[in-house]
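Shown next: final.tsv, given as TSV, C-alpha atoms and all ligand atoms.
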chain	number	residue	atom	x	y	z
G	20	MET	CA	198.05	-38.46	52.98
G	21	SER	CA	196.34	-35.09	53.39
G	22	HIS	CA	192.63	-34.69	52.78
G	23	GLU	CA	191.40	-33.11	49.57
G	24	LEU	CA	190.12	-30.13	51.56
G	25	GLU	CA	193.58	-29.47	52.96
G	26	GLN	CA	195.05	-29.51	49.48
G	27	LEU	CA	192.35	-27.17	48.31
G	28	ARG	CA	193.10	-24.82	51.20
G	29	ASP	CA	196.81	-24.77	50.44
G	30	THR	CA	196.22	-24.07	46.75
G	31	ALA	CA	193.82	-21.27	47.69
G	32	LEU	CA	196.28	-19.69	50.13
G	33	GLY	CA	199.03	-19.79	47.48
G	34	GLU	CA	196.76	-18.23	44.88
G	35	ILE	CA	195.63	-15.49	47.25
G	36	SER	CA	199.08	-14.46	48.36
G	37	ALA	CA	200.18	-14.34	44.71
G	38	ALA	CA	197.10	-12.38	43.55
G	39	PRO	CA	198.52	-9.42	41.58
G	40	ASP	CA	195.49	-7.12	41.94
G	41	GLU	CA	192.04	-6.70	43.51
G	42	GLN	CA	190.22	-8.26	40.57
G	43	SER	CA	192.18	-11.53	40.78
G	44	LEU	CA	191.70	-11.57	44.54
G	45	GLU	CA	187.93	-11.22	44.06
G	46	ALA	CA	188.02	-14.02	41.45
G	47	ALA	CA	189.80	-16.26	43.96
G	48	ARG	CA	187.24	-15.42	46.64
G	49	VAL	CA	184.35	-16.35	44.36
G	50	GLY	CA	186.16	-19.49	43.13
G	51	TYR	CA	186.74	-20.85	46.64
G	52	LEU	CA	184.21	-19.28	48.99
G	53	GLY	CA	181.43	-18.12	46.61
G	54	LYS	CA	178.09	-19.93	46.53
G	55	SER	CA	179.38	-22.74	44.33
G	56	GLY	CA	183.05	-22.21	45.19
G	57	SER	CA	185.23	-25.29	45.41
G	58	ILE	CA	185.49	-25.05	49.23
G	59	SER	CA	181.82	-24.10	49.72
G	60	VAL	CA	180.53	-27.14	47.81
G	61	TRP	CA	181.97	-29.33	50.53
G	62	GLY	CA	179.11	-28.14	52.70
G	63	GLU	CA	176.73	-29.99	50.36
G	64	ARG	CA	178.95	-33.00	50.12
G	65	MET	CA	178.91	-33.47	53.89
G	66	ARG	CA	175.42	-34.89	53.66
G	67	GLY	CA	176.61	-37.95	51.78
G	68	LEU	CA	179.33	-38.78	54.30
G	69	SER	CA	179.25	-41.47	56.96
G	70	LYS	CA	178.72	-40.71	60.65
G	71	GLU	CA	182.43	-41.22	61.37
G	72	GLU	CA	183.61	-39.00	58.52
G	73	LYS	CA	181.25	-36.09	59.15
G	74	PRO	CA	182.95	-34.50	62.21
G	75	ILE	CA	186.42	-34.90	60.67
G	76	VAL	CA	185.48	-33.33	57.37
G	77	GLY	CA	183.34	-30.68	59.13
G	78	LYS	CA	186.35	-29.59	61.13
G	79	LEU	CA	188.57	-29.47	58.04
G	80	LEU	CA	185.94	-27.50	56.16
G	81	ASN	CA	185.70	-24.92	58.92
G	82	GLU	CA	189.45	-24.55	59.15
G	83	ALA	CA	189.76	-24.15	55.39
G	84	ARG	CA	187.00	-21.51	55.25
G	85	THR	CA	188.47	-19.50	58.14
G	86	ALA	CA	192.04	-19.64	56.83
G	87	VAL	CA	191.07	-18.67	53.28
G	88	ALA	CA	188.77	-15.82	54.42
G	89	ALA	CA	191.52	-14.42	56.69
G	90	ALA	CA	194.08	-14.60	53.88
G	91	ILE	CA	191.71	-12.76	51.52
G	92	GLU	CA	191.17	-9.99	54.10
G	93	GLN	CA	194.90	-9.67	54.69
G	94	ARG	CA	195.68	-9.41	50.97
G	95	ALA	CA	192.86	-6.83	50.53
G	96	ALA	CA	194.38	-4.76	53.35
G	97	GLU	CA	197.73	-4.87	51.58
G	98	PHE	CA	196.08	-3.55	48.40
G	99	ARG	CA	194.37	-0.73	50.35
G	100	ALA	CA	197.63	0.27	52.02
G	101	SER	CA	199.57	0.39	48.76
G	102	ALA	CA	196.77	2.44	47.10
G	103	GLU	CA	197.06	4.94	49.95
G	104	THR	CA	200.84	5.13	49.63
G	105	ALA	CA	200.47	5.72	45.90
G	106	ALA	CA	197.95	8.51	46.49
G	107	LEU	CA	200.30	10.24	48.92
G	108	ALA	CA	203.38	9.73	46.76
G	109	ASN	CA	203.15	13.16	45.17
G	110	ILE	CA	202.46	15.07	48.37
G	111	ASP	CA	205.39	16.72	50.09
G	112	ILE	CA	204.55	16.35	53.76
G	113	THR	CA	207.50	18.52	54.74
G	114	LEU	CA	205.82	21.62	53.23
G	115	PRO	CA	204.27	23.99	55.81
G	116	GLY	CA	200.47	23.51	56.08
G	117	GLN	CA	197.80	26.05	55.27
G	118	PRO	CA	196.67	27.53	58.57
G	119	ALA	CA	192.88	27.18	59.09
G	120	GLU	CA	191.25	30.49	59.95
G	121	ILE	CA	189.62	30.22	63.35
G	122	GLY	CA	186.60	32.41	63.90
G	123	GLY	CA	185.28	33.85	67.12
G	124	LEU	CA	181.91	34.75	68.59
G	125	HIS	CA	180.48	38.22	68.04
G	126	PRO	CA	180.62	40.28	71.26
G	127	LEU	CA	176.81	40.43	71.34
G	128	THR	CA	176.60	36.65	71.08
G	129	GLN	CA	179.12	36.33	73.92
G	130	MET	CA	177.03	38.74	75.97
G	131	LEU	CA	173.82	36.82	75.26
G	132	ASP	CA	175.46	33.49	76.11
G	133	ARG	CA	176.64	34.80	79.46
G	134	ALA	CA	173.27	36.34	80.29
G	135	ILE	CA	171.34	33.23	79.25
G	136	SER	CA	173.52	30.95	81.37
G	137	ILE	CA	172.88	33.08	84.49
G	138	PHE	CA	169.11	33.05	83.97
G	139	ARG	CA	169.14	29.32	83.27
G	140	ARG	CA	170.79	28.76	86.64
G	141	MET	CA	167.77	30.52	88.15
G	142	GLY	CA	165.44	28.11	86.36
G	143	PHE	CA	164.36	30.28	83.42
G	144	ALA	CA	163.59	28.37	80.21
G	145	LEU	CA	164.23	29.79	76.74
G	146	ALA	CA	161.27	31.06	74.71
G	147	GLU	CA	161.15	32.65	71.28
G	148	GLY	CA	158.93	34.49	68.86
G	149	PRO	CA	159.17	35.90	65.32
G	150	ASP	CA	160.80	39.25	64.46
G	151	VAL	CA	157.86	40.03	62.16
G	152	ASP	CA	154.73	40.04	64.28
G	153	THR	CA	151.23	41.46	64.46
G	154	GLU	CA	150.05	44.65	66.16
G	155	TRP	CA	148.03	42.49	68.53
G	156	TYR	CA	151.12	40.74	69.97
G	157	CYS	CA	153.22	43.90	69.98
G	158	PHE	CA	150.68	46.40	71.32
G	159	ASP	CA	147.01	45.38	71.85
G	160	ALA	CA	147.64	42.34	74.02
G	161	LEU	CA	150.16	44.42	75.96
G	162	ASN	CA	147.47	46.90	76.99
G	163	THR	CA	148.83	49.59	74.69
G	164	ALA	CA	146.18	52.14	73.66
G	165	PRO	CA	145.38	52.59	69.92
G	166	ASP	CA	146.74	56.14	70.05
G	167	HIS	CA	149.97	55.28	71.89
G	168	PRO	CA	152.93	57.04	70.21
G	169	ALA	CA	154.92	53.78	69.87
G	170	ARG	CA	152.33	52.61	67.32
G	171	ASN	CA	153.10	55.56	65.12
G	172	GLU	CA	154.65	54.93	61.70
G	173	GLN	CA	157.37	57.36	62.75
G	174	ASP	CA	158.41	54.95	65.47
G	175	THR	CA	157.73	51.49	64.08
G	176	PHE	CA	158.55	49.66	60.83
G	177	TYR	CA	155.29	48.41	59.29
G	178	LEU	CA	155.02	45.91	56.45
G	179	PRO	CA	152.54	46.58	53.61
G	180	ASP	CA	150.25	43.84	55.00
G	181	GLY	CA	149.94	45.62	58.35
G	182	ARG	CA	152.34	43.42	60.27
G	183	LEU	CA	155.40	45.03	61.85
G	184	LEU	CA	158.96	44.46	62.99
G	185	ARG	CA	158.53	43.96	66.73
G	186	THR	CA	159.54	47.04	68.70
G	187	HIS	CA	160.41	44.96	71.76
G	188	THR	CA	160.69	41.32	72.80
G	189	SER	CA	157.61	41.73	75.03
G	190	THR	CA	155.66	40.05	72.19
G	191	VAL	CA	157.10	36.77	73.49
G	192	GLN	CA	155.40	37.32	76.87
G	193	ILE	CA	152.06	37.03	75.08
G	194	ARG	CA	153.13	34.16	72.82
G	195	THR	CA	154.32	32.19	75.86
G	196	MET	CA	151.12	32.78	77.84
G	197	MET	CA	149.02	31.84	74.80
G	198	SER	CA	150.83	28.51	74.54
G	199	ALA	CA	150.89	27.39	78.18
G	200	PRO	CA	149.13	27.99	81.48
G	201	PRO	CA	151.01	29.26	84.57
G	202	PRO	CA	153.48	28.78	86.18
G	203	ILE	CA	155.71	30.41	83.55
G	204	ARG	CA	159.37	31.24	83.96
G	205	VAL	CA	161.00	32.17	80.64
G	206	ILE	CA	163.54	34.44	79.06
G	207	ALA	CA	163.37	35.42	75.39
G	208	PRO	CA	166.50	36.84	73.81
G	209	GLY	CA	166.11	38.41	70.38
G	210	ALA	CA	166.19	41.40	68.06
G	211	ALA	CA	163.90	44.44	68.23
G	212	TYR	CA	163.44	47.25	65.71
G	213	ARG	CA	162.57	50.93	66.00
G	214	ARG	CA	162.75	54.00	63.83
G	215	ASP	CA	164.95	55.64	66.47
G	216	GLU	CA	167.43	58.30	65.45
G	217	VAL	CA	170.68	56.32	65.10
G	218	ASP	CA	173.52	57.54	67.31
G	219	ALA	CA	176.19	56.09	69.62
G	220	THR	CA	173.62	54.49	71.94
G	221	HIS	CA	170.61	54.01	69.61
G	222	SER	CA	170.30	51.63	66.71
G	223	ALA	CA	167.36	50.77	64.43
G	224	GLN	CA	167.94	47.11	65.24
G	225	PHE	CA	169.01	46.15	68.73
G	226	HIS	CA	168.71	43.20	71.08
G	227	GLN	CA	166.76	42.57	74.23
G	228	ILE	CA	166.30	39.77	76.71
G	229	GLU	CA	162.73	39.57	77.84
G	230	GLY	CA	161.91	37.89	81.14
G	231	LEU	CA	158.53	36.68	82.37
G	232	TYR	CA	157.68	34.95	85.61
G	233	VAL	CA	154.04	34.17	86.43
G	234	ASP	CA	152.91	32.15	89.42
G	235	GLU	CA	150.93	32.50	92.63
G	236	LYS	CA	152.37	35.08	95.04
G	237	VAL	CA	155.08	36.52	92.74
G	238	SER	CA	156.03	39.92	94.14
G	239	VAL	CA	158.18	43.00	93.45
G	240	ALA	CA	160.69	41.47	95.88
G	241	ASP	CA	161.09	38.50	93.50
G	242	LEU	CA	161.60	40.90	90.60
G	243	LYS	CA	164.25	42.90	92.45
G	244	GLY	CA	165.99	39.76	93.73
G	245	THR	CA	166.14	38.23	90.25
G	246	ILE	CA	167.50	41.40	88.61
G	247	GLU	CA	170.03	41.96	91.40
G	248	PHE	CA	171.30	38.39	91.28
G	249	PHE	CA	171.62	38.58	87.50
G	250	LEU	CA	173.52	41.87	87.46
G	251	ARG	CA	175.86	40.93	90.30
G	252	GLU	CA	176.72	37.62	88.62
G	253	LEU	CA	177.39	39.48	85.39
G	254	LEU	CA	179.11	42.66	86.57
G	255	GLY	CA	180.50	41.66	89.96
G	256	GLN	CA	179.18	41.41	93.51
G	257	GLN	CA	179.92	45.09	94.22
G	258	THR	CA	177.44	46.24	91.55
G	259	GLU	CA	174.87	48.76	92.80
G	260	ILE	CA	171.36	48.64	91.38
G	261	ARG	CA	168.76	51.40	91.51
G	262	PHE	CA	165.06	51.02	90.68
G	263	ARG	CA	163.17	54.14	89.58
G	264	PRO	CA	159.39	54.38	89.08
G	265	HIS	CA	158.46	54.49	85.41
G	266	TYR	CA	155.47	53.88	83.14
G	267	PHE	CA	154.80	50.99	80.78
G	268	PRO	CA	151.22	50.19	79.71
G	269	PHE	CA	151.74	46.45	80.33
G	270	THR	CA	153.15	46.57	83.87
G	271	GLU	CA	151.89	48.11	87.09
G	272	PRO	CA	153.86	49.22	89.01
G	273	SER	CA	156.61	49.81	86.44
G	274	PHE	CA	160.28	50.61	86.93
G	275	GLU	CA	163.45	51.34	85.11
G	276	PHE	CA	166.67	50.23	86.66
G	277	ASP	CA	170.18	51.64	86.56
G	278	VAL	CA	173.52	50.12	87.49
G	279	ARG	CA	176.79	51.42	88.78
G	280	SER	CA	179.72	49.02	88.87
G	281	LYS	CA	183.49	48.86	89.02
G	282	ALA	CA	183.27	46.78	85.83
G	283	ILE	CA	181.95	49.89	84.08
G	284	LYS	CA	184.25	52.80	83.28
G	285	GLY	CA	183.40	56.26	84.56
G	286	GLY	CA	181.55	55.28	87.74
G	287	LYS	CA	178.25	56.74	86.47
G	288	TRP	CA	174.71	55.33	86.89
G	289	LEU	CA	173.59	53.77	83.62
G	290	GLU	CA	170.03	52.95	82.55
G	291	LEU	CA	169.69	49.34	81.48
G	292	ALA	CA	166.12	48.17	81.23
G	293	GLY	CA	162.42	48.41	81.95
G	294	CYS	CA	160.47	46.09	84.20
G	295	GLY	CA	157.42	45.75	86.41
G	296	MET	CA	154.55	43.59	87.61
G	297	VAL	CA	152.38	42.22	84.78
G	298	HIS	CA	149.27	44.42	84.44
G	299	PRO	CA	146.00	42.55	85.18
G	300	ALA	CA	144.64	43.89	81.86
G	301	VAL	CA	147.32	41.82	80.06
G	302	PHE	CA	146.18	38.63	81.85
G	303	GLU	CA	142.57	39.44	80.98
G	304	GLU	CA	143.34	39.92	77.28
G	305	VAL	CA	145.33	36.66	77.23
G	306	ASN	CA	142.40	34.84	78.89
G	307	ARG	CA	139.99	36.31	76.36
G	308	ALA	CA	142.18	35.18	73.45
G	309	ARG	CA	142.79	31.75	75.01
G	310	GLY	CA	139.10	31.36	75.75
G	311	ASP	CA	139.73	30.23	79.32
G	312	ASP	CA	140.58	31.58	82.75
G	313	ALA	CA	144.12	30.18	83.02
G	314	TYR	CA	145.64	33.55	83.92
G	315	ASP	CA	143.15	34.51	86.62
G	316	PRO	CA	144.44	37.92	87.85
G	317	GLU	CA	142.94	37.21	91.28
G	318	LYS	CA	145.08	34.10	91.61
G	319	TYR	CA	148.26	34.85	89.67
G	320	THR	CA	150.76	37.67	89.65
G	321	GLY	CA	153.91	38.01	87.60
G	322	PHE	CA	156.89	40.14	86.81
G	323	ALA	CA	158.45	41.00	83.45
G	324	PHE	CA	161.55	42.81	82.32
G	325	GLY	CA	163.20	43.84	79.06
G	326	LEU	CA	166.97	44.25	79.14
G	327	GLY	CA	168.83	46.09	76.38
G	328	MET	CA	171.65	43.73	75.50
G	329	ASP	CA	173.60	46.02	73.18
G	330	ARG	CA	174.03	48.59	75.91
G	331	LEU	CA	174.97	45.92	78.42
G	332	ALA	CA	177.63	44.57	76.02
G	333	MET	CA	178.89	48.12	75.46
G	334	LEU	CA	179.33	48.52	79.22
G	335	LEU	CA	180.96	45.18	79.76
G	336	PHE	CA	183.39	45.37	76.83
G	337	ASP	CA	183.89	49.13	77.00
G	338	ILE	CA	182.56	49.74	73.48
G	339	PRO	CA	181.90	53.44	72.85
G	340	ASP	CA	179.48	53.19	69.91
G	341	ILE	CA	176.55	50.80	69.28
G	342	ARG	CA	177.07	51.05	65.50
G	343	TYR	CA	180.28	48.99	65.69
G	344	PHE	CA	178.19	45.86	66.36
G	345	ALA	CA	176.66	45.86	62.89
G	346	GLN	CA	179.50	47.21	60.75
G	347	ASN	CA	181.27	43.85	60.29
G	348	ASP	CA	184.65	45.52	60.61
G	349	LEU	CA	187.16	42.77	61.32
G	350	ARG	CA	189.47	45.20	63.14
G	351	PHE	CA	186.67	45.64	65.70
G	352	LEU	CA	185.47	42.03	65.83
G	353	ARG	CA	188.96	40.52	66.20
G	354	GLN	CA	189.36	42.24	69.55
G	355	PHE	CA	186.72	39.93	71.03
G	356	ALA	CA	187.52	36.67	69.23
T	1	LIG	C1	160.79	48.18	76.50
T	1	LIG	O1	161.14	47.86	75.35
T	1	LIG	C2	159.88	47.33	77.32
T	1	LIG	N1	159.32	46.30	76.47
T	1	LIG	C3	160.67	46.75	78.49
T	1	LIG	C4	159.81	46.05	79.47
T	1	LIG	C5	159.63	44.70	79.39
T	1	LIG	C6	159.17	46.76	80.47
T	1	LIG	C7	158.83	44.04	80.31
T	1	LIG	C8	158.36	46.14	81.40
T	1	LIG	C9	158.21	44.77	81.31
T	1	LIG	P1	162.28	50.33	76.57
T	1	LIG	O2	161.70	50.98	75.37
T	1	LIG	O3	162.69	51.21	77.69
T	1	LIG	O4	161.30	49.25	77.16
T	1	LIG	O5	163.54	49.48	76.10
T	1	LIG	C10	164.21	48.61	76.99
T	1	LIG	C11	165.71	48.68	76.76
T	1	LIG	O6	166.02	48.40	75.39
T	1	LIG	C12	166.30	50.08	76.99
T	1	LIG	O7	166.60	50.28	78.35
T	1	LIG	C13	167.55	50.03	76.16
T	1	LIG	O8	168.59	49.36	76.86
T	1	LIG	C14	167.14	49.15	75.00
T	1	LIG	N2	166.82	49.97	73.82
T	1	LIG	C15	165.65	50.59	73.52
T	1	LIG	N3	165.74	51.25	72.35
T	1	LIG	C16	166.98	51.04	71.88
T	1	LIG	C17	167.71	51.43	70.69
T	1	LIG	N4	167.15	52.16	69.73
T	1	LIG	N5	168.98	51.04	70.55
T	1	LIG	C18	169.55	50.26	71.51
T	1	LIG	N6	168.95	49.85	72.62
T	1	LIG	C19	167.68	50.22	72.82
Turn this file's structure into structure tokens for me.
Ligand code: FA5
Amino acid sequence: MSHELEQLRDTALGEISAAPDEQSLEAARVGYLGKSGSISVWGERMRGLSKEEKPIVGKLLNEARTAVAAAIEQRAAEFRASAETAALANIDITLPGQPAEIGGLHPLTQMLDRAISIFRRMGFALAEGPDVDTEWYCFDALNTAPDHPARNEQDTFYLPDGRLLRTHTSTVQIRTMMSAPPPIRVIAPGAAYRRDEVDATHSAQFHQIEGLYVDEKVSVADLKGTIEFFLRELLGQQTEIRFRPHYFPFTEPSFEFDVRSKAIKGGKWLELAGCGMVHPAVFEEVNRARGDDAYDPEKYTGFAFGLGMDRLAMLLFDIPDIRYFAQNDLRFLRQFA
């Protein structure tokens, strides 16, 4: 004759497979396997059994629990599946789907991504600073005299509280040196703002990538090598690069550089950026503000550059007018997606 537990198990299995809905299935689970369920109580009863009976009943109890739990799970899965079928019943899967619109990256973003990946391969880390900054970061710390024309309200957007929209990303040179001692090797991509007359190559908001490298024995040769490697990776190995002497208050000597490349239509030299060796007066102002001698101009030298990204993207993608970048005209943007 079968044991009471086996009978209980068989009744439970019958009840479970006949359960008409989730509520009755849950009731069966509680009735058999719940805390005081008719199978569970056998756990208590085991204590009163003889030594010989214990292992036999223990085994039966385990088997009953496992079988009933598995049957409950199987029946629950059946309920889930039929609920899903019911939910899909009114959907015609033969109808054509709604195509999802796939976006694309803005040409300037593509340009920045390419440029950043080349500099990262050379070991430059990414740095950043705010678009709204103080005169000290934008001009004073960069050795720019109080009467310099760039500080004029005709040239720069000032906020009522005296702060300004940065006119170049060179502010991040100072922010980086304020936050860490040398060696420094960073690039800082970002927007810059000027009250320039807007035309095909000038915009009131444009983008630059700033570069700063400070260490012992950094030379103009390192600057030229870095710029040349970058431009040849970007525009092709045949690219010619020309450095011309220039003036910036925060670098000495200073240069502008031009490129000529097969990747650029017209075969003309095109001005791309400013650069130079960090002026010792910049290091001294940073030391004064830091309150230490971390950027000792006798020990450290550095180079910096500021590349105009909009113009570079115009060259690379053959875009005739800088204003297209900000007009949000899908006919223009789709060409680069
Ligand atoms: C600067 O802004 C310096 N901060 C660059 C620099 C950095 C020099 C570090 C030395 C060391 P400049 O004003 O020449 O320099 O601008 C650099 C580049 O930004 C230009 O070559 C040009 O490509 C771009 N640029 C400047 N003004 C505009 C504008 N209104 N519209 C679009 N691009 C511009």
Contacts of Tyr266 of chain G at 10 Å or less, counting all atoms listed in the file, minus same-chain residues fewer than 6 places along, as a PyMOL selection string?
chain G and resi 272-275+293-295
Could those selected residues go to a file with C-alpha atoms, as an mmCIF file, keeping the file's coordinate frame?
data_model
loop_
_atom_site.group_PDB
_atom_site.id
_atom_site.type_symbol
_atom_site.label_atom_id
_atom_site.label_comp_id
_atom_site.auth_asym_id
_atom_site.auth_seq_id
_atom_site.Cartn_x
_atom_site.Cartn_y
_atom_site.Cartn_z
ATOM 1 C CA PRO G 272 153.860 49.220 89.010
ATOM 2 C CA SER G 273 156.610 49.810 86.440
ATOM 3 C CA PHE G 274 160.280 50.610 86.930
ATOM 4 C CA GLU G 275 163.450 51.340 85.110
ATOM 5 C CA GLY G 293 162.420 48.410 81.950
ATOM 6 C CA CYS G 294 160.470 46.090 84.200
ATOM 7 C CA GLY G 295 157.420 45.750 86.410
#
Would you mind listing the residues within 8 Å of ligand LIG 1 (chain T), counting only C-alpha atoms and all ligand atoms, as a ChimeraX atom specification?
/G:186-189,212-217,220-227,229-231,267,269-270,273-275,290-297,322-331,341
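Taking atom CA of Ser238 of chain G and atom CA of Phe302 of chain G as endpoints, the distance between them is 15.8 Å.
Considering all atoms listed in the file, the residue among G:Leu250, G:Ala300, G:Ala169, G:Ile338 positioned nearest to Ile137 of chain G is G:Leu250.
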Around (157.2, 38.0, 73.6) in the file's own coordinates, what residues are found within 12 Å if you use all atoms listed in the file, given back as an NGL selection string?
:G and (145-153 or 155-158 or 160-161 or 185-198 or 205-211 or 227-231 or 323-325)
In Å, how far is it from atom CA of Thr163 of chain G to atom CA of Pro268 of chain G?
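A separation of 5.6 Å between them.
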Out of G:Lys284, G:His125, G:Arg84, G:Arg279, which residue has the shortest atom-to-atom distance to Phe344 of chain G when counting all atoms listed in the file?
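Using all atoms listed in the file, the shortest distance to Phe344 of chain G belongs to G:His125.
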At what distance in Å, to one decimal, does atom CA of Asp241 of chain G lie from atom CA of Ala134 of chain G?
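Between these atoms lies a distance of 18.1 Å.
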Just the residues within 12 Å of Ala89 of chain G, please, counting only C-alpha atoms, with nothing from its chain fewer than 4 positions along; format it as a tab-separated table (two decimals) with C-alpha atoms, in the frame of the given file.
chain	number	residue	atom	x	y	z
G	28	ARG	CA	193.10	-24.82	51.20
G	31	ALA	CA	193.82	-21.27	47.69
G	32	LEU	CA	196.28	-19.69	50.13
G	35	ILE	CA	195.63	-15.49	47.25
G	36	SER	CA	199.08	-14.46	48.36
G	48	ARG	CA	187.24	-15.42	46.64
G	52	LEU	CA	184.21	-19.28	48.99
G	82	GLU	CA	189.45	-24.55	59.15
G	83	ALA	CA	189.76	-24.15	55.39
G	84	ARG	CA	187.00	-21.51	55.25
G	85	THR	CA	188.47	-19.50	58.14
G	93	GLN	CA	194.90	-9.67	54.69
G	94	ARG	CA	195.68	-9.41	50.97
G	95	ALA	CA	192.86	-6.83	50.53
G	96	ALA	CA	194.38	-4.76	53.35
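Of the residues listed (G:Lys236, G:Arg350, G:Lys243, G:Lys54), G:Lys236 shows the shortest atom-to-atom separation from Tyr319 of chain G; distances use all atoms listed in the file.
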